[in-house]
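Notes follow once the structure below has been shown.
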Amino acid sequence: MALLSSVCFSGLAYAGQPQTEGTGTPPPKTEEAPSPAAVPAEPIIELPKLIHSVEAPYPPEAERAQLEANVRLRLRVDTQGQVTQAEVLEPVGHGFDEAARTAALQFRFTPAKRNGVAAPARVTYTYVFQLPGRSKAVAATPPPALSSAPRTAASQDEAPAEYQEDVEVTAVGETRAERRRKSAEAVQVIELEQASMESADLGTALARTEGVDVRRAGGLGSTARISIAGLSDDQVRFFIDGVPLEFAGYGPGLANVPVNLVQQMEVYQGVVPIRFGADVLGGAVELVTDQDVRGTGVSGSYELASFDTHRFTASARHLQESTGLLVRAHGFYDDARNNYPINVEVPNDLGKLAPVEVRRFHDGYRAGGASIEAGFVDQPWARRLLVRGFINAAGRDVQNDPNMESPYGEVTSAEGSAGATLRYSQSHEPGITVDAVGGYTFRRNRFLDLGTCAYDWYGRCFTTLPQPGEISEGGVERYINQHTAFARLHAAWTPVPGGAHTLRLAVSPTFVSRSGEDRRLQAINVLDPLSEGRGVTSLVTGVEYQADAFDGRLQNIAFVKDYLQDVRAQKLLPSAEFLDLGRTAHEFGVGDSLRFRLGSTLSAKASYEWATRLPRPDELFGDGLLIADSLDLQPETSHNFNLGLGYASEPTPAGGFRANVGGFARLAEQLIFLTARGSYYAYENVVAARSLGVLGAAGWTSPGRYLSLDGNASWQDLRNTSTEGRYADFNGQRLPNRPYLTANGSAQGRLTGMLRFQDELLVTWRTRYVDSFLLAWEGVGSQDSKLRIDSQLTHALALTYVIRDMTTRLSWTLDFQNITNAQTFDFYGVQRPGRIIAAKFTLER
């Protein structure tokens with residue numbers, strides 16, 4: 001047997017003029033793409049070099065038939081020099097394709113580099129299978145390495161026939177994820193290709209990240225609390241393609257946004273860039289949707305899971321190349337009964353409380369939505385000009401009170417929204433880029449408590465109520481209407497084309513008006529406190545300066561922010577008169593982010609922000625459902641510090657290693673958090689709080705990517721530092737109902753070519769640990785009487801089979817969550833689902 005290998009040149013396209021593979025036409029510019037004037041015309045390019053090859057066994061069938069073949073592969077090489085994907089461009093059959101692809105996945109390269117920085121690359125590689133005894137002198141020659149510069153036509157013509165090369169320029173350059181990771185920004189990037197094939201939603205995927213905690217009050221559709229470095233709730237803001245999530249039609253929550261509609265998540269810890277135009281205290285999470293606008297594409301997914309859970313997503317796009325006209329559409333639908341078993345106490349035959357296991361009977365969740373976007377891309381007069389319209393609706397049954405002590409059988413809530421956005425972006429000379437988006441959103445919330453029965457945990461109506469209302473006497477039928485108009489303008493100027501200095505400006509006004517009606521009060525001719533209008537006007541302005549030095553090894557981003565908020569409301573007094581209330585808040589903030597590369601494998605980051613968060617309308621006015629108004633809330637402020645050190649190894653025969661470690665501090669004033677007050681909630685200011693923490697992560701991927709191991713842990717100490725006010729008596733104590741130690745681990749095995757070439761079987765094991773924490777202040781009550789949630793350890797297993805070809809990806813996943821059926825609680829004592837079995841099918845074309 002003899003084997004020959006041939007490498008085709010793969011060039012790194014210049015950043016200002018990338019090429020689309022096989023077409024020679026420019027790919028679409030992303031919204032982050034720099035203008036040509038702002039990019040060096042001739043970056044220093046180093047092509048990848050092959051440093052480790054694997055000989056593929058000659059297919060027995062082909063050898064018996066005396067067949068030979070050349071198999072052309074397109075290899076994707078990451079910044080560690082590992083081959084992450086191998087596609088057969090021209091299948092030849094007879095076992096050649098499978099053998100060549102399996103061997104190529106074990107190749108190792110030196111990473112491609114642009115200006116000394118590792119960059120992903122695509123390599124066209126031809127594997128030559130030749131029978132023993134033919135051209136033995138050539139067969140003994142080892143596979144050639146990729147040269148550091150393109151070979152000339154003359155050198156190709158002089159090469160032996162077996163090594164003839166087809167020069168092909170491929171689209172290579174930093175992805176958005178790579179740019180974010182290498183920047184000075186305090187950001188973690190979570191790519192969601194794997195999660196999109198599993199039953200994990202965005203909340204589950206986010207909870208696997210160090211420094212982030214996601215807790216829920218039940219199953220799918222339940223209230224979620226997302227915490228970054230100890231700060232949570234509205235202290236963390238969410239965006240989708242730069243637009244606040246609640247203005248994009250998904251509501252303020254993140255955990256229930258379909259994962260298949262999102263490409264990656266970017267988590268900003270405490271120091272948030274000005275481009276978001278937002279007042280943020282704890283951090284921000286941006287959801288990045290599919291940025292590929294070329295050609296025609298469709299995708300879809302369907303998930304069937306325990307407790308009658310069904311989830312469906314679909315999307316499609318088409319770009320008319322001749323005119324630049326783009327049309328995209330997305331849709332989703334979720335339905336879950338959430339009738340999982342829980343452990344409660346009910347009276348026995350003697351009237352004494354006894355523990356029993358029952359199923360939740362009134363916890364259904366239904367949600368759906370659709371959006372359509374149309375406009376033009378990559379035109380001389382606009383890089384993007386797109387109009388998007390959307391409509392969404394969700395309904396949820398309310399099963400119990402916050403402490404899961406009283407069951408309900410007819411209480412429901414619902415939310416719907418509709419709106420539109422207009423986005424424009426363009427590059428201008430000299431070195432100016434502009435990105436603007438504006439829109440309008442209408443949101444309507446409904447809360448109904450009109451039941452006439454009292455229910456037990458078995459779902460039985462055991463008595464008739466004297467008047468409607470399971471939660472409150474007389475019942476509740478409330479509607480809240482909210483109108484929001486917003487704009488985000490972001491401009492950047494690079495004075496010298498390709499220079500190391502950039503100045504940015506962001507201006508973000510938001511106008512919110514709210515009104516409502518309590519129909520139960522109106523029916524009995526009682527003055528309705530929701531009927532009067534309320535409004536909030538906010539303006540956030542930021543200026544940012546970025547400097548790069550020492551050939552890009554050092555990057556510094558300094559910024560200032562200005563916050564202005566005006567609140568107007570009317571509050572109903574006991575005298576049945578409305579009192580006009582108004583408040584204007586003005587705050588100022590500064591920050592700086594620094595990144596220094598200590599070498600090709602090690603980088604350090606430090607960042608600081610004097611951050612401000614203005615109270616949200618839901619905090620000020622309540623939601624008209626379960627959250628009361630708090631018109632006296634003050635803005636939160638905090639000194640936010642981050643330190644981090646990251647390591648990613650060069651390619652080694654032992655595989656690829658990665659690790660990071662970091663620390664954070666949050667010194668907050670007037671901290672706002674949600675508290676329970678019997679049957680409802682309210683937001684309150686804690687005069688001062690301090691959060692300190694450390695986090696770390698490590699991972700290893702074997703040669704050939706057959707095995708990957710990852711783990712991370714986060715520890716935080718969040719304490720009340722109030723010396724006056726309601727919480728002064730708890731000075732120095734940990735804030736209750738927040739976990740302080742969490743850890744995640746995963747192991748993934750990968751097998752390829754099992755049933756057909758280019759298929760994959762992924763076996764993924766995940767585990768999560770949450771240490772015990774108290775539900776109330778640690779200084780209240782005796783040690784034995786303290787309410788606490790015990791430590792929790794859960795495990796999950798996912799089996800995924802993937803089929804890929806040039807244009808299509810099919811996957812089937814069988815997902816087992818909480819395999820041990822452990823009892824898990826997140827907050828307020830509400831039990832979460834036990835073991836879940838889910839099956840999911842996805843298609844991308």
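Numbering starts fresh at 1 for the residues of each chain in the structure tokens, the chains themselves are lettered A, B, ... in the order given, and ligands are numbered from 1 as they appear.
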Run DSSP on the backbone of this structure and report the residues of segment 676-758 of chain A it assigns to helix (DSSP H, G or I), as an MDAnalysis selection string. chainID A and resid 703:705 728:730
For the structure I just gave you, how does DSSP split segment 229-306 of chain A - specifically, which residues are strand (DSSP E or B)? Reply as a PDB file with C-alpha atoms, in the first residue's frame.
ATOM      1  CA  LEU A 231     -25.939  40.768  40.642  1.00  0.00           C
ATOM      2  CA  SER A 232     -29.210  39.618  39.136  1.00  0.00           C
ATOM      3  CA  VAL A 236     -28.513  42.309  34.132  1.00  0.00           C
ATOM      4  CA  ARG A 237     -29.751  43.448  30.723  1.00  0.00           C
ATOM      5  CA  PHE A 238     -30.419  41.355  27.625  1.00  0.00           C
ATOM      6  CA  PHE A 239     -30.090  42.310  23.979  1.00  0.00           C
ATOM      7  CA  ILE A 240     -30.675  40.641  20.651  1.00  0.00           C
ATOM      8  CA  VAL A 243     -31.750  45.757  20.554  1.00  0.00           C
ATOM      9  CA  PRO A 244     -33.029  45.382  24.142  1.00  0.00           C
ATOM     10  CA  GLN A 264     -24.079  32.737  19.973  1.00  0.00           C
ATOM     11  CA  MET A 265     -24.313  34.558  23.309  1.00  0.00           C
ATOM     12  CA  GLU A 266     -21.893  37.215  24.519  1.00  0.00           C
ATOM     13  CA  VAL A 267     -21.756  37.715  28.296  1.00  0.00           C
ATOM     14  CA  TYR A 268     -20.370  41.063  29.513  1.00  0.00           C
ATOM     15  CA  GLN A 269     -19.370  40.958  33.159  1.00  0.00           C
ATOM     16  CA  GLY A 283     -23.586  43.022  33.174  1.00  0.00           C
ATOM     17  CA  ALA A 284     -25.247  42.294  29.857  1.00  0.00           C
ATOM     18  CA  VAL A 285     -25.989  39.331  27.623  1.00  0.00           C
ATOM     19  CA  GLU A 286     -26.256  39.829  23.869  1.00  0.00           C
ATOM     20  CA  LEU A 287     -27.923  37.232  21.673  1.00  0.00           C
ATOM     21  CA  VAL A 288     -26.459  37.133  18.179  1.00  0.00           C
ATOM     22  CA  THR A 296     -31.306  30.872   0.242  1.00  0.00           C
ATOM     23  CA  GLY A 297     -31.503  28.923   3.475  1.00  0.00           C
ATOM     24  CA  VAL A 298     -34.038  27.202   5.706  1.00  0.00           C
ATOM     25  CA  SER A 299     -33.828  25.652   9.151  1.00  0.00           C
ATOM     26  CA  GLY A 300     -36.157  24.083  11.644  1.00  0.00           C
ATOM     27  CA  SER A 301     -36.313  22.065  14.834  1.00  0.00           C
ATOM     28  CA  TYR A 302     -38.835  20.040  16.797  1.00  0.00           C
ATOM     29  CA  GLU A 303     -38.489  18.850  20.379  1.00  0.00           C
ATOM     30  CA  LEU A 304     -40.652  16.401  22.298  1.00  0.00           C
ATOM     31  CA  ALA A 305     -39.976  16.078  26.023  1.00  0.00           C
TER      32      ALA A 305
END
Tell me which protein, DNA and RNA residues are within 10 Å of segment 366-374 of chain A, counting only C-alpha atoms, leaving out same-chain ones fewer than 6 positions away, and put them as a PyMOL selection string. chain A and resi 220-221+248-250+256-257+309-319+325-337+385-397+414-422
Shell around Phe109 of chain A at 10 Å using only C-alpha atoms, local window under 4 positions removed, as a list of chain:residue names: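 Listing them by chain and then by number gives A:Leu47, A:Pro48, A:Lys49, A:Leu50, A:Ile51, A:His52, A:Ser53, A:Val77, A:Asp78, A:Thr79, A:Gln80, A:Gly81, A:Gln82, A:Val83, A:Ala145, A:Leu146, A:Glu650, A:Pro651, A:Thr652.
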